[in-house]
$ cat upload.txt   # compact mmCIF, C-alpha atoms and all ligand atoms
# COMPACT_ATOMS: atom_id res chain seq x y z
CA MET A 1 30.85 73.38 -13.29
CA THR A 2 27.08 73.58 -12.93
CA SER A 3 25.47 75.05 -9.88
CA SER A 4 22.48 77.15 -9.06
CA PHE A 5 24.47 78.65 -6.19
CA LEU A 6 25.13 82.33 -6.65
CA PRO A 7 27.13 83.84 -3.86
CA GLY A 8 24.88 86.82 -3.35
CA TYR A 9 25.23 85.38 -0.11
CA LEU A 10 26.36 86.25 3.34
CA ASP A 11 23.45 87.07 5.56
CA ARG A 12 24.52 90.43 6.91
CA LYS A 13 21.99 90.32 9.72
CA GLU A 14 23.49 87.10 11.02
CA ASN A 15 27.05 88.38 10.64
CA LEU A 16 26.16 91.39 12.75
CA ALA A 17 24.21 89.39 15.38
CA ASP A 18 25.46 89.38 18.98
CA LEU A 19 28.79 87.75 19.59
CA PRO A 20 28.45 84.39 21.37
CA LYS A 21 30.01 84.50 24.86
CA VAL A 22 31.88 81.22 24.32
CA THR A 23 32.97 78.96 21.49
CA ASP A 24 35.18 75.90 21.07
CA VAL A 25 37.31 77.41 18.26
CA ALA A 26 37.64 81.15 17.58
CA ILE A 27 39.28 82.12 14.29
CA ILE A 28 40.69 85.62 13.88
CA GLY A 29 40.52 86.70 10.22
CA GLY A 30 37.98 86.33 7.43
CA GLY A 31 40.37 85.93 4.49
CA LEU A 32 40.77 82.72 2.53
CA LEU A 33 42.61 80.90 5.32
CA GLY A 34 40.09 81.80 8.02
CA THR A 35 37.00 81.06 5.94
CA ALA A 36 38.38 77.79 4.51
CA LEU A 37 39.36 76.69 8.01
CA ALA A 38 35.87 77.56 9.32
CA TYR A 39 34.44 75.33 6.59
CA TYR A 40 36.72 72.32 7.15
CA LEU A 41 36.35 72.50 10.97
CA SER A 42 32.56 72.75 10.64
CA LYS A 43 32.62 69.71 8.38
CA PHE A 44 34.21 67.80 11.26
CA GLY A 45 31.36 69.03 13.49
CA ILE A 46 33.65 71.37 15.47
CA GLU A 47 32.01 74.53 16.86
CA VAL A 48 33.58 77.61 15.24
CA THR A 49 33.18 81.37 15.51
CA LEU A 50 35.09 83.47 12.97
CA LEU A 51 35.85 87.11 13.85
CA GLU A 52 36.66 89.59 11.08
CA ARG A 53 37.31 93.25 11.82
CA SER A 54 36.06 94.44 8.45
CA ASP A 55 34.09 92.50 5.81
CA LEU A 56 35.12 89.08 4.56
CA ASN A 57 37.79 88.81 1.85
CA ARG A 58 38.74 92.49 1.85
CA GLU A 59 42.51 92.13 2.29
CA ALA A 60 45.02 89.85 0.47
CA SER A 61 42.41 87.17 -0.29
CA GLY A 62 40.24 89.57 -2.24
CA THR A 63 43.01 91.65 -3.83
CA ASN A 64 45.24 88.93 -5.24
CA ALA A 65 45.72 87.90 -8.85
CA GLY A 66 44.05 84.48 -8.46
CA SER A 67 46.89 82.49 -10.04
CA PHE A 68 47.74 78.90 -9.15
CA HIS A 69 51.52 78.71 -8.76
CA PHE A 70 52.35 75.03 -9.12
CA GLN A 71 55.70 75.23 -10.93
CA ILE A 72 58.71 76.72 -9.15
CA ALA A 73 58.63 80.51 -9.42
CA LEU A 74 61.20 83.28 -9.19
CA HIS A 75 60.46 84.11 -5.55
CA GLN A 76 61.29 80.53 -4.48
CA LEU A 77 64.78 80.53 -5.99
CA THR A 78 68.04 81.40 -4.27
CA LYS A 79 71.36 82.19 -5.98
CA ASN A 80 72.95 78.74 -5.68
CA LEU A 81 71.17 75.48 -6.26
CA THR A 82 72.83 73.47 -3.49
CA GLU A 83 71.67 69.98 -2.54
CA SER A 84 69.72 71.32 0.43
CA GLU A 85 68.09 73.97 -1.78
CA GLU A 86 67.07 71.22 -4.23
CA LYS A 87 65.50 69.30 -1.36
CA ARG A 88 63.64 72.43 -0.19
CA LEU A 89 62.34 73.13 -3.70
CA SER A 90 61.31 69.51 -4.14
CA ASP A 91 59.33 69.65 -0.85
CA GLU A 92 57.67 72.87 -2.00
CA VAL A 93 56.69 71.32 -5.35
CA LYS A 94 55.11 68.38 -3.48
CA LEU A 95 53.08 70.87 -1.41
CA GLN A 96 52.06 72.67 -4.62
CA LEU A 97 50.97 69.32 -6.09
CA ASP A 98 48.80 68.60 -3.04
CA ALA A 99 47.20 72.01 -3.56
CA ALA A 100 46.62 71.24 -7.26
CA ILE A 101 44.80 68.05 -6.29
CA LEU A 102 42.55 69.98 -3.89
CA TRP A 103 41.74 72.66 -6.50
CA ASP A 104 40.78 69.88 -8.97
CA THR A 105 37.70 69.09 -6.90
CA LEU A 106 36.99 72.29 -4.98
CA GLU A 107 34.08 73.51 -7.13
CA LYS A 108 32.44 70.11 -6.69
CA GLU A 109 33.11 70.09 -2.95
CA LEU A 110 31.59 73.56 -2.44
CA ASP A 111 28.99 73.06 -5.20
CA ALA A 112 29.77 76.47 -6.65
CA ASP A 113 31.33 78.15 -9.64
CA LEU A 114 34.63 79.57 -8.35
CA GLY A 115 36.02 80.44 -11.77
CA VAL A 116 38.52 77.56 -11.59
CA HIS A 117 40.33 77.02 -14.91
CA PHE A 118 43.33 74.78 -15.52
CA THR A 119 44.67 76.50 -18.59
CA GLY A 120 48.36 75.72 -18.22
CA GLY A 121 51.16 78.11 -17.37
CA PHE A 122 54.30 79.36 -19.10
CA MET A 123 57.48 80.42 -17.35
CA VAL A 124 59.60 82.39 -19.79
CA ALA A 125 63.39 82.89 -19.96
CA GLU A 126 65.16 85.70 -21.84
CA THR A 127 68.81 84.67 -21.41
CA GLU A 128 70.81 81.43 -21.64
CA GLU A 129 71.40 81.65 -17.88
CA GLU A 130 67.65 81.84 -17.24
CA LEU A 131 67.09 78.94 -19.63
CA LYS A 132 69.47 76.86 -17.51
CA VAL A 133 67.35 77.72 -14.46
CA LEU A 134 64.27 76.48 -16.33
CA ARG A 135 66.02 73.18 -17.08
CA ASP A 136 67.26 72.77 -13.49
CA LYS A 137 63.84 73.47 -12.08
CA GLN A 138 62.17 71.15 -14.58
CA SER A 139 64.36 68.31 -13.34
CA ILE A 140 63.33 69.00 -9.71
CA GLU A 141 59.65 69.35 -10.66
CA ASN A 142 59.53 66.17 -12.72
CA LYS A 143 61.28 64.16 -9.97
CA ALA A 144 58.73 65.51 -7.47
CA GLY A 145 55.87 64.41 -9.73
CA LEU A 146 54.87 67.69 -11.43
CA GLU A 147 54.68 67.63 -15.22
CA THR A 148 56.59 70.48 -16.88
CA HIS A 149 58.21 70.76 -20.32
CA VAL A 150 60.97 73.08 -21.55
CA LEU A 151 60.63 74.31 -25.14
CA THR A 152 63.05 76.42 -27.19
CA GLY A 153 63.49 77.75 -30.74
CA ASP A 154 60.91 76.85 -33.38
CA GLU A 155 59.17 74.41 -31.06
CA MET A 156 58.58 77.25 -28.59
CA ARG A 157 57.53 79.69 -31.33
CA SER A 158 54.96 77.31 -32.78
CA PHE A 159 53.61 76.31 -29.32
CA ALA A 160 53.18 79.93 -28.19
CA PRO A 161 53.33 82.13 -31.30
CA TYR A 162 52.15 85.24 -29.43
CA LEU A 163 55.19 85.28 -27.07
CA ALA A 164 58.27 87.30 -28.10
CA PRO A 165 60.06 85.09 -30.68
CA ASP A 166 63.54 85.83 -29.28
CA LEU A 167 62.90 84.41 -25.80
CA SER A 168 65.59 81.85 -24.96
CA GLY A 169 62.99 79.32 -23.84
CA ILE A 170 59.80 78.58 -21.93
CA ALA A 171 58.73 76.02 -19.34
CA TYR A 172 55.13 74.86 -19.68
CA CYS A 173 53.13 73.35 -16.80
CA PRO A 174 49.77 71.97 -17.99
CA ARG A 175 48.28 71.94 -14.47
CA GLU A 176 48.57 75.65 -13.76
CA GLY A 177 45.60 77.97 -13.99
CA HIS A 178 43.54 80.35 -11.93
CA ALA A 179 40.31 80.91 -10.02
CA ASN A 180 38.29 83.96 -9.04
CA PRO A 181 39.58 85.30 -5.70
CA LEU A 182 36.37 87.30 -5.17
CA LEU A 183 34.39 84.06 -4.98
CA VAL A 184 36.53 81.50 -3.17
CA GLY A 185 36.77 82.87 0.40
CA PRO A 186 33.16 84.08 0.61
CA THR A 187 31.90 80.75 -0.76
CA TYR A 188 33.86 78.86 1.90
CA ALA A 189 32.29 81.19 4.49
CA PHE A 190 28.81 80.60 3.12
CA ARG A 191 29.23 76.84 3.17
CA ALA A 192 30.73 77.02 6.69
CA MET A 193 27.68 78.97 7.90
CA GLU A 194 25.41 76.33 6.40
CA LEU A 195 27.28 73.78 8.51
CA GLY A 196 26.75 75.88 11.65
CA ALA A 197 29.82 78.14 11.81
CA LYS A 198 29.17 81.59 13.23
CA ILE A 199 30.72 84.44 11.25
CA ARG A 200 30.96 87.87 12.81
CA THR A 201 32.13 90.79 10.68
CA ASN A 202 32.99 94.31 11.87
CA CYS A 203 34.42 92.55 14.89
CA GLU A 204 38.01 93.47 15.64
CA VAL A 205 40.00 91.41 18.12
CA LEU A 206 41.63 94.04 20.32
CA LYS A 207 43.26 91.86 22.95
CA ILE A 208 44.04 88.16 23.49
CA GLU A 209 44.05 87.18 27.17
CA PRO A 210 45.26 83.69 28.17
CA LEU A 211 43.07 82.37 31.02
CA ASP A 212 44.38 80.41 34.02
CA ASN A 213 43.69 76.74 34.73
CA ALA A 214 40.71 77.61 36.96
CA SER A 215 38.79 78.72 33.86
CA PRO A 216 37.06 76.16 31.64
CA TYR A 217 38.35 78.15 28.62
CA ARG A 218 41.92 78.90 27.56
CA PHE A 219 41.56 82.38 26.04
CA LYS A 220 39.36 85.43 26.37
CA LEU A 221 39.25 87.76 23.36
CA LYS A 222 38.35 91.39 23.87
CA THR A 223 36.73 92.56 20.67
CA SER A 224 35.12 95.72 19.36
CA ARG A 225 31.80 93.91 19.85
CA GLY A 226 32.32 92.46 23.34
CA ASP A 227 34.20 89.52 24.87
CA ILE A 228 34.30 85.91 23.72
CA SER A 229 36.07 82.97 25.41
CA CYS A 230 37.35 79.93 23.54
CA ASN A 231 39.10 76.60 24.08
CA ARG A 232 41.21 76.95 20.97
CA LEU A 233 42.24 80.04 19.08
CA VAL A 234 43.42 80.31 15.47
CA ASN A 235 45.25 83.35 14.21
CA ALA A 236 44.48 83.65 10.48
CA GLY A 237 45.21 87.36 10.48
CA GLY A 238 47.23 87.46 7.21
CA ALA A 239 49.55 90.47 7.27
CA TRP A 240 48.61 91.07 10.93
CA THR A 241 49.53 87.54 12.09
CA ALA A 242 52.78 88.63 13.75
CA GLU A 243 51.11 91.58 15.50
CA LEU A 244 48.49 89.26 17.04
CA SER A 245 50.99 86.56 18.07
CA ALA A 246 53.23 89.17 19.71
CA GLN A 247 50.50 89.61 22.34
CA LEU A 248 51.34 86.08 23.52
CA GLY A 249 55.10 86.58 23.28
CA ILE A 250 55.41 84.59 20.03
CA LYS A 251 57.57 86.01 17.24
CA HIS A 252 57.24 84.94 13.60
CA PRO A 253 59.92 85.17 10.87
CA MET A 254 57.61 87.25 8.66
CA GLY A 255 57.72 90.27 6.40
CA LEU A 256 55.12 92.38 4.61
CA SER A 257 54.96 94.03 1.25
CA GLY A 258 52.37 96.03 -0.65
CA LEU A 259 51.88 94.42 -4.07
CA HIS A 260 50.63 96.04 -7.21
CA VAL A 261 48.39 94.65 -9.99
CA ASN A 262 47.38 96.22 -13.37
CA VAL A 263 44.27 95.62 -15.47
CA THR A 264 43.97 96.46 -19.17
CA GLU A 265 41.04 97.08 -21.47
CA PRO A 266 39.53 93.95 -23.09
CA HIS A 267 41.21 92.50 -26.18
CA GLU A 268 40.10 89.64 -28.42
CA PHE A 269 40.77 86.45 -26.47
CA PHE A 270 43.93 84.54 -27.39
CA LEU A 271 45.98 83.95 -24.24
CA LYS A 272 44.71 80.75 -22.68
CA SER A 273 47.65 80.16 -20.33
CA MET A 274 49.17 82.20 -17.54
CA VAL A 275 52.62 83.68 -18.26
CA GLN A 276 55.37 84.19 -15.69
CA HIS A 277 59.05 85.09 -15.91
CA ILE A 278 61.88 83.14 -14.26
CA GLY A 279 64.18 86.15 -13.93
CA ARG A 280 61.95 89.24 -13.70
CA ARG A 281 58.77 90.06 -11.82
CA LEU A 282 55.83 89.12 -14.04
CA THR A 283 52.56 87.22 -13.88
CA LEU A 284 50.18 87.80 -16.73
CA LYS A 285 46.87 86.28 -17.76
CA GLN A 286 43.84 87.06 -19.89
CA THR A 287 40.60 86.82 -17.95
CA PRO A 288 37.27 85.38 -19.15
CA ASN A 289 36.11 88.98 -19.77
CA ASN A 290 39.14 89.44 -22.08
CA THR A 291 41.09 91.94 -19.95
CA PHE A 292 44.71 91.22 -19.02
CA ILE A 293 45.75 91.07 -15.38
CA ILE A 294 49.42 91.95 -15.02
CA GLY A 295 51.25 91.56 -11.71
CA GLY A 296 54.15 89.56 -10.36
CA GLY A 297 55.38 91.24 -7.21
CA TRP A 298 55.91 94.93 -8.01
CA PRO A 299 55.74 96.93 -4.78
CA SER A 300 53.13 99.43 -3.66
CA ARG A 301 53.43 101.97 -0.87
CA THR A 302 53.24 100.61 2.68
CA GLU A 303 50.54 102.15 4.88
CA ASN A 304 49.36 101.35 8.38
CA TYR A 305 45.90 99.84 8.73
CA PRO A 306 43.17 101.05 8.06
CA ARG A 307 44.74 103.03 5.18
CA ARG A 308 44.84 101.19 1.87
CA TYR A 309 48.19 100.66 0.17
CA SER A 310 48.66 103.15 -2.65
CA ASN A 311 50.46 102.68 -5.96
CA TYR A 312 53.84 103.79 -7.31
CA TRP A 313 53.82 104.80 -10.97
CA ALA A 314 57.30 103.27 -11.21
CA SER A 315 55.75 99.89 -10.40
CA ALA A 316 53.01 100.29 -12.99
CA ALA A 317 55.54 101.32 -15.65
CA GLY A 318 58.10 98.65 -14.73
CA ASN A 319 55.56 95.86 -14.60
CA VAL A 320 53.97 96.79 -17.91
CA ALA A 321 57.38 97.11 -19.59
CA VAL A 322 58.23 93.50 -18.70
CA ALA A 323 54.79 92.39 -19.91
CA VAL A 324 55.22 94.10 -23.31
CA ARG A 325 58.72 92.63 -23.68
CA VAL A 326 57.34 89.12 -23.24
CA LEU A 327 53.98 89.58 -25.01
CA PRO A 328 54.56 92.27 -27.67
CA ILE A 329 50.87 92.50 -28.69
CA LEU A 330 50.23 94.27 -25.36
CA LYS A 331 51.86 97.45 -26.70
CA ASP A 332 48.53 98.28 -28.35
CA VAL A 333 46.36 97.50 -25.32
CA ARG A 334 45.48 100.31 -22.92
CA LEU A 335 46.00 100.04 -19.18
CA LEU A 336 42.71 100.84 -17.42
CA ARG A 337 43.41 100.67 -13.70
CA VAL A 338 45.77 99.48 -11.02
CA TRP A 339 45.14 98.16 -7.54
CA SER A 340 47.24 96.95 -4.66
CA GLY A 341 46.99 94.74 -1.60
CA VAL A 342 49.12 93.74 1.33
CA TRP A 343 51.05 90.48 1.10
CA ALA A 344 52.56 88.64 4.04
CA TYR A 345 55.45 86.25 3.55
CA THR A 346 57.68 84.13 5.74
CA LYS A 347 61.43 84.53 5.42
CA ASP A 348 61.83 80.80 4.58
CA PHE A 349 58.68 80.82 2.39
CA LYS A 350 57.21 77.96 4.41
CA PRO A 351 53.77 78.17 5.98
CA ILE A 352 53.40 78.96 9.68
CA LEU A 353 50.94 76.27 10.61
CA GLY A 354 49.74 74.38 13.63
CA GLU A 355 49.53 74.67 17.40
CA SER A 356 52.11 76.48 19.49
CA GLU A 357 54.00 74.31 21.98
CA LYS A 358 54.74 77.42 24.05
CA VAL A 359 51.06 78.44 24.26
CA PRO A 360 48.89 75.30 24.02
CA GLY A 361 45.56 75.93 22.36
CA TYR A 362 46.99 78.77 20.25
CA HIS A 363 47.16 78.01 16.50
CA VAL A 364 48.40 79.93 13.47
CA ALA A 365 47.42 79.55 9.80
CA MET A 366 49.60 81.63 7.49
CA VAL A 367 51.19 80.89 4.11
CA PRO A 368 52.87 83.22 1.57
CA THR A 369 51.47 81.84 -1.71
CA GLY A 370 48.17 81.84 0.04
CA PHE A 371 45.68 81.77 -2.81
CA THR A 372 47.27 78.64 -4.29
CA LEU A 373 48.05 76.93 -1.00
CA GLY A 374 45.49 78.48 1.39
CA PRO A 375 42.67 75.92 0.99
CA MET A 376 45.07 72.97 1.36
CA VAL A 377 46.86 74.49 4.33
CA ALA A 378 43.51 75.26 6.03
CA ARG A 379 42.29 71.71 5.45
CA THR A 380 45.52 70.32 6.94
CA LEU A 381 45.11 72.45 10.07
CA ALA A 382 41.47 71.33 10.41
CA GLU A 383 42.60 67.69 10.20
CA TYR A 384 45.14 68.33 12.96
CA MET A 385 42.58 70.14 15.16
CA HIS A 386 40.19 67.24 14.67
CA SER A 387 42.88 64.73 15.73
CA PRO A 388 45.50 66.69 17.73
CA ALA A 389 47.15 63.48 18.92
CA ASN A 390 48.34 62.96 15.35
CA LYS A 391 51.26 65.39 15.44
CA ASN A 392 52.64 64.16 12.09
CA ILE A 393 49.83 65.76 10.08
CA ILE A 394 51.79 69.04 9.98
CA PRO A 395 55.50 69.03 9.01
CA LYS A 396 57.80 70.18 11.84
CA GLU A 397 59.38 72.91 9.72
CA PHE A 398 56.03 74.76 9.64
CA SER A 399 56.23 75.16 13.43
CA VAL A 400 54.50 78.18 14.95
CA ASP A 401 57.37 78.55 17.45
CA ARG A 402 60.28 78.49 14.97
C1 LIG B 501 48.32 91.92 -4.92
C2 LIG B 501 48.47 90.49 -4.48
C3 LIG B 501 48.53 89.49 -5.44
C4 LIG B 501 48.65 88.15 -5.04
N1 LIG B 501 48.58 87.19 -5.99
C5 LIG B 501 48.57 85.89 -5.62
C6 LIG B 501 48.39 84.87 -6.59
O1 LIG B 501 48.18 85.14 -7.76
N2 LIG B 501 48.44 83.57 -6.19
C7 LIG B 501 48.66 83.22 -4.87
O2 LIG B 501 48.72 82.03 -4.57
N3 LIG B 501 48.77 84.18 -3.91
C8 LIG B 501 48.73 85.49 -4.25
N4 LIG B 501 48.84 86.46 -3.30
C9 LIG B 501 48.96 86.06 -1.88
C10 LIG B 501 47.59 85.68 -1.28
O3 LIG B 501 46.61 86.61 -1.66
C11 LIG B 501 47.66 85.63 0.25
O4 LIG B 501 48.75 84.81 0.63
C12 LIG B 501 46.39 85.06 0.88
O5 LIG B 501 45.24 85.69 0.38
C13 LIG B 501 46.45 85.22 2.39
O6 LIG B 501 45.18 84.91 2.93
P1 LIG B 501 44.90 85.16 4.48
O7 LIG B 501 43.54 84.66 4.76
O8 LIG B 501 46.04 84.59 5.27
O9 LIG B 501 45.05 86.73 4.68
P2 LIG B 501 44.00 87.91 4.39
O10 LIG B 501 43.19 87.67 3.20
O11 LIG B 501 44.78 89.19 4.46
O12 LIG B 501 43.02 87.82 5.63
C14 LIG B 501 43.40 88.18 6.94
C15 LIG B 501 42.18 88.79 7.58
O13 LIG B 501 42.44 88.98 8.98
C16 LIG B 501 41.72 90.14 9.39
N5 LIG B 501 42.29 90.61 10.66
C17 LIG B 501 43.56 91.00 10.90
N6 LIG B 501 43.68 91.40 12.18
C18 LIG B 501 42.46 91.25 12.77
C19 LIG B 501 41.95 91.50 14.09
N7 LIG B 501 42.73 91.99 15.06
N8 LIG B 501 40.64 91.22 14.33
C20 LIG B 501 39.83 90.69 13.37
N9 LIG B 501 40.27 90.47 12.09
C21 LIG B 501 41.56 90.73 11.81
C22 LIG B 501 41.96 91.10 8.23
O14 LIG B 501 40.99 92.15 8.21
C23 LIG B 501 41.84 90.17 7.02
O15 LIG B 501 40.53 90.15 6.48
C24 LIG B 501 48.75 87.81 -3.65
C25 LIG B 501 48.70 88.83 -2.69
C26 LIG B 501 48.55 90.16 -3.10
C27 LIG B 501 48.46 91.22 -2.03

$ encode --input "upload.txt" --output "structure tokens" --more "lines below"
Ligand SMILES: Cc1cc2nc3c(=O)[nH]c(=O)nc-3n(C[C@H](O)[C@H](O)[C@H](O)COP(=O)(O)OP(=O)(O)OC[C@H]3O[C@@H](n4cnc5c(N)ncnc54)[C@H](O)[C@@H]3O)c2cc1C
Amino acid sequence: MTSSFLPGYLDRKENLADLPKVTDVAIIGGGLLGTALAYYLSKFGIEVTLLERSDLNREASGTNAGSFHFQIALHQLTKNLTESEEKRLSDEVKLQLDAAILWDTLEKELDADLGVHFTGGFMVAETEEELKVLRDKQSIENKAGLETHVLTGDEMRSFAPYLAPDLSGIAYCPREGHANPLLVGPTYAFRAMELGAKIRTNCEVLKIEPLDNASPYRFKLKTSRGDISCNRLVNAGGAWTAELSAQLGIKHPMGLSGLHVNVTEPHEFFLKSMVQHIGRRLTLKQTPNNTFIIGGGWPSRTENYPRRYSNYWASAAGNVAVAVRVLPILKDVRLLRVWSGVWAYTKDFKPILGESEKVPGYHVAMVPTGFTLGPMVARTLAEYMHSPANKNIIPKEFSVDR
């Protein structure tokens, strides 16, 4: 990717300028979903004001591990692979494929280096039972159009000689990879501003008030920087999505978890592909600056906003133990630091996306694997908001009112 664009970028003066009194679309939340949506709506020529209570990209979108999860992962699996579960997984793989296609061209679209690399991804199995899961999931993935291969024995050992030689098998997905989460959201915001979007940081939405039919606007937002009225409102509040929707009497099937990530000292580069585990919590990759990022869903301590989530040593130790089991060379690499962020998920792992039928004009953009799927989900919502008559753009099972 070549570009002279360096995101040194967001004009703080403009972000702190007075809040407009009215806007067509107000977006709550300046994470990846909010900023990507601001960009895609602005591209359609729709007037947008994005309101972020802190700075852009400070929560999940700036604290995640930056992995593209295109093959089926541990968190998507249930105990029994029934026919309906197979159908669900197949639908999810198709969504993941759509996201892969978007990521293919995103640096070109935004004319920026986002650190996108398609380096392939391994999913490892330690037991025969886990190997069977790899084979079952490969069959679903291949039928849905995603290329994955299962390797065992000497074939596995020669393909990935650095992985523990006694693993029962690995699945390899050539499309997987990663991007730099510190760049993607802010770059979307920058490009949205160029197209006319207004971004306001340090602007907390305190109250959502639906307006009656006599008003030309549908909602008034009371914020820490004054009031703003809008025709259409989008809640892209990440872990705070449910809290915001509750003000309008809408409940979401959501949960929250603090997640923990470890970073090691640099080591001579050898690990081109991301590594995950089909039976234990692990994602592992070597970054362009040669450090290893080790995560995969180990919990950190829940705190109420504005406190940051803090770490459990048990998570650091547990996560690193799985990493060393799978990639033995890590036993000689020192852990340098850990961080955590807050992750929001839906109980059915589907996005919450679209316009509420109960509260017309009110939209939600939320998705659990939000770094991988966020840009695609935001673009889909922008397409719907551009042509609301076309209800089929968003699958029914993503309904905001479910
Ligand atoms: C440690 C960790 C690792 C992860 N790793 C991966 C990964 O490798 N791959 C992957 O695909 N996904 C990963 N995820 C998930 C992914 O990061 C999230 O799904 C995604 O970033 C969600 O983006 P978002 O914009 O919805 O939420 P956020 O980035 O949390 O943004 C929501 C924003 O809304 C703002 N807000 C909330 N309430 C208000 C209010 N009242 N007024 C104004 N603003 C408000 C918040 O300040 C915040 O900035 C990970 C998550 C974590 C925490």

$ atom_distance --input "upload.txt" --atom1 "atom CA of Ala179 of chain A" --atom2 "atom CA of Phe118 of chain A"
8.8 Å

$ residues_around --input "upload.txt" --residues "Thr302 of chain A" --least-positions-apart "6" --cutoff "10 Å" --atoms "all atoms listed in the file" --output "number ranges by chain"
A: 256-259, 308-311, 341-342

$ residues_near_ligand --input "upload.txt" --ligand "ligand LIG 501 (chain B)" --cutoff "6 Å" --atoms "all atoms listed in the file" --output "number ranges by chain"
A: 28-34, 51-54, 56-61, 63-68, 203-206, 236-240, 259-261, 340-343, 366-372

$ closest_residue --input "upload.txt" --among "A:His277, A:Lys285, A:Lys391, A:Arg200" --to "Asp55 of chain A" --atoms "all atoms listed in the file"
A:Arg200

$ atom_distance --input "upload.txt" --atom1 "atom CA of Leu327 of chain A" --atom2 "atom CA of Arg301 of chain A"
27.1 Å

$ closest_residue --input "upload.txt" --among "A:Ala17, A:Ile278, A:Ala214, A:Val184" --to "Glu126 of chain A" --atoms "all atoms listed in the file"
A:Ile278

$ closest_atom_pairs --input "upload.txt" --of "segment 129-227 of chain A" --to "segment 95-101 of chain A" --cutoff "8 Å" --atoms "all atoms listed in the file" --output "JSON lines"
{"residue": "A:Gly145", "atom": "CA", "partner": "A:Leu97", "partner_atom": "CA", "distance": 7.8}
{"residue": "A:Leu146", "atom": "CA", "partner": "A:Leu97", "partner_atom": "CA", "distance": 6.8}
{"residue": "A:Arg175", "atom": "CA", "partner": "A:Ala100", "partner_atom": "CA", "distance": 7.4}

$ closest_residue --input "upload.txt" --among "A:Glu107, A:Asp113, A:Glu86, A:Asp91" --to "Ser139 of chain A" --atoms "all atoms listed in the file"
A:Glu86

$ decode --input "upload.txt" --residues "segment 145-191 of chain A" --atoms "C-alpha atoms" --output "tab-separated table (two decimals), in the first residue's frame"
chain	number	residue	atom	x	y	z
A	145	GLY	CA	-16.99	-20.76	0.00
A	146	LEU	CA	-14.09	-20.21	2.45
A	147	GLU	CA	-10.85	-22.00	1.66
A	148	THR	CA	-9.43	-23.95	4.62
A	149	HIS	CA	-7.18	-27.02	4.76
A	150	VAL	CA	-6.68	-29.56	7.56
A	151	LEU	CA	-3.13	-30.90	7.96
A	152	THR	CA	-1.84	-33.61	10.31
A	153	GLY	CA	1.35	-35.57	11.05
A	154	ASP	CA	4.44	-34.92	8.94
A	155	GLU	CA	2.52	-32.71	6.53
A	156	MET	CA	1.59	-30.43	9.45
A	157	ARG	CA	5.11	-30.52	10.91
A	158	SER	CA	6.74	-29.54	7.63
A	159	PHE	CA	4.14	-26.81	6.90
A	160	ALA	CA	4.50	-25.21	10.36
A	161	PRO	CA	7.73	-26.55	11.89
A	162	TYR	CA	7.65	-24.03	14.77
A	163	LEU	CA	4.33	-25.37	16.17
A	164	ALA	CA	4.44	-28.12	18.82
A	165	PRO	CA	5.11	-31.34	16.85
A	166	ASP	CA	2.60	-33.41	18.87
A	167	LEU	CA	-0.47	-31.34	17.97
A	168	SER	CA	-3.17	-33.61	16.57
A	169	GLY	CA	-3.73	-31.31	13.60
A	170	ILE	CA	-4.13	-27.78	12.26
A	171	ALA	CA	-6.61	-26.01	10.01
A	172	TYR	CA	-5.07	-23.38	7.75
A	173	CYS	CA	-7.06	-20.50	6.24
A	174	PRO	CA	-4.98	-18.53	3.70
A	175	ARG	CA	-7.28	-15.48	3.84
A	176	GLU	CA	-6.85	-14.69	7.52
A	177	GLY	CA	-4.60	-11.91	8.73
A	178	HIS	CA	-4.68	-8.69	10.68
A	179	ALA	CA	-4.66	-4.90	10.55
A	180	ASN	CA	-3.62	-2.15	12.94
A	181	PRO	CA	-6.59	-1.27	15.19
A	182	LEU	CA	-4.97	2.04	16.16
A	183	LEU	CA	-5.25	3.22	12.56
A	184	VAL	CA	-8.52	1.90	11.15
A	185	GLY	CA	-11.20	3.78	13.14
A	186	PRO	CA	-9.38	7.13	13.20
A	187	THR	CA	-8.69	6.89	9.45
A	188	TYR	CA	-12.39	6.28	8.77
A	189	ALA	CA	-13.14	9.35	10.93
A	190	PHE	CA	-10.61	11.45	9.05
A	191	ARG	CA	-12.01	10.45	5.68
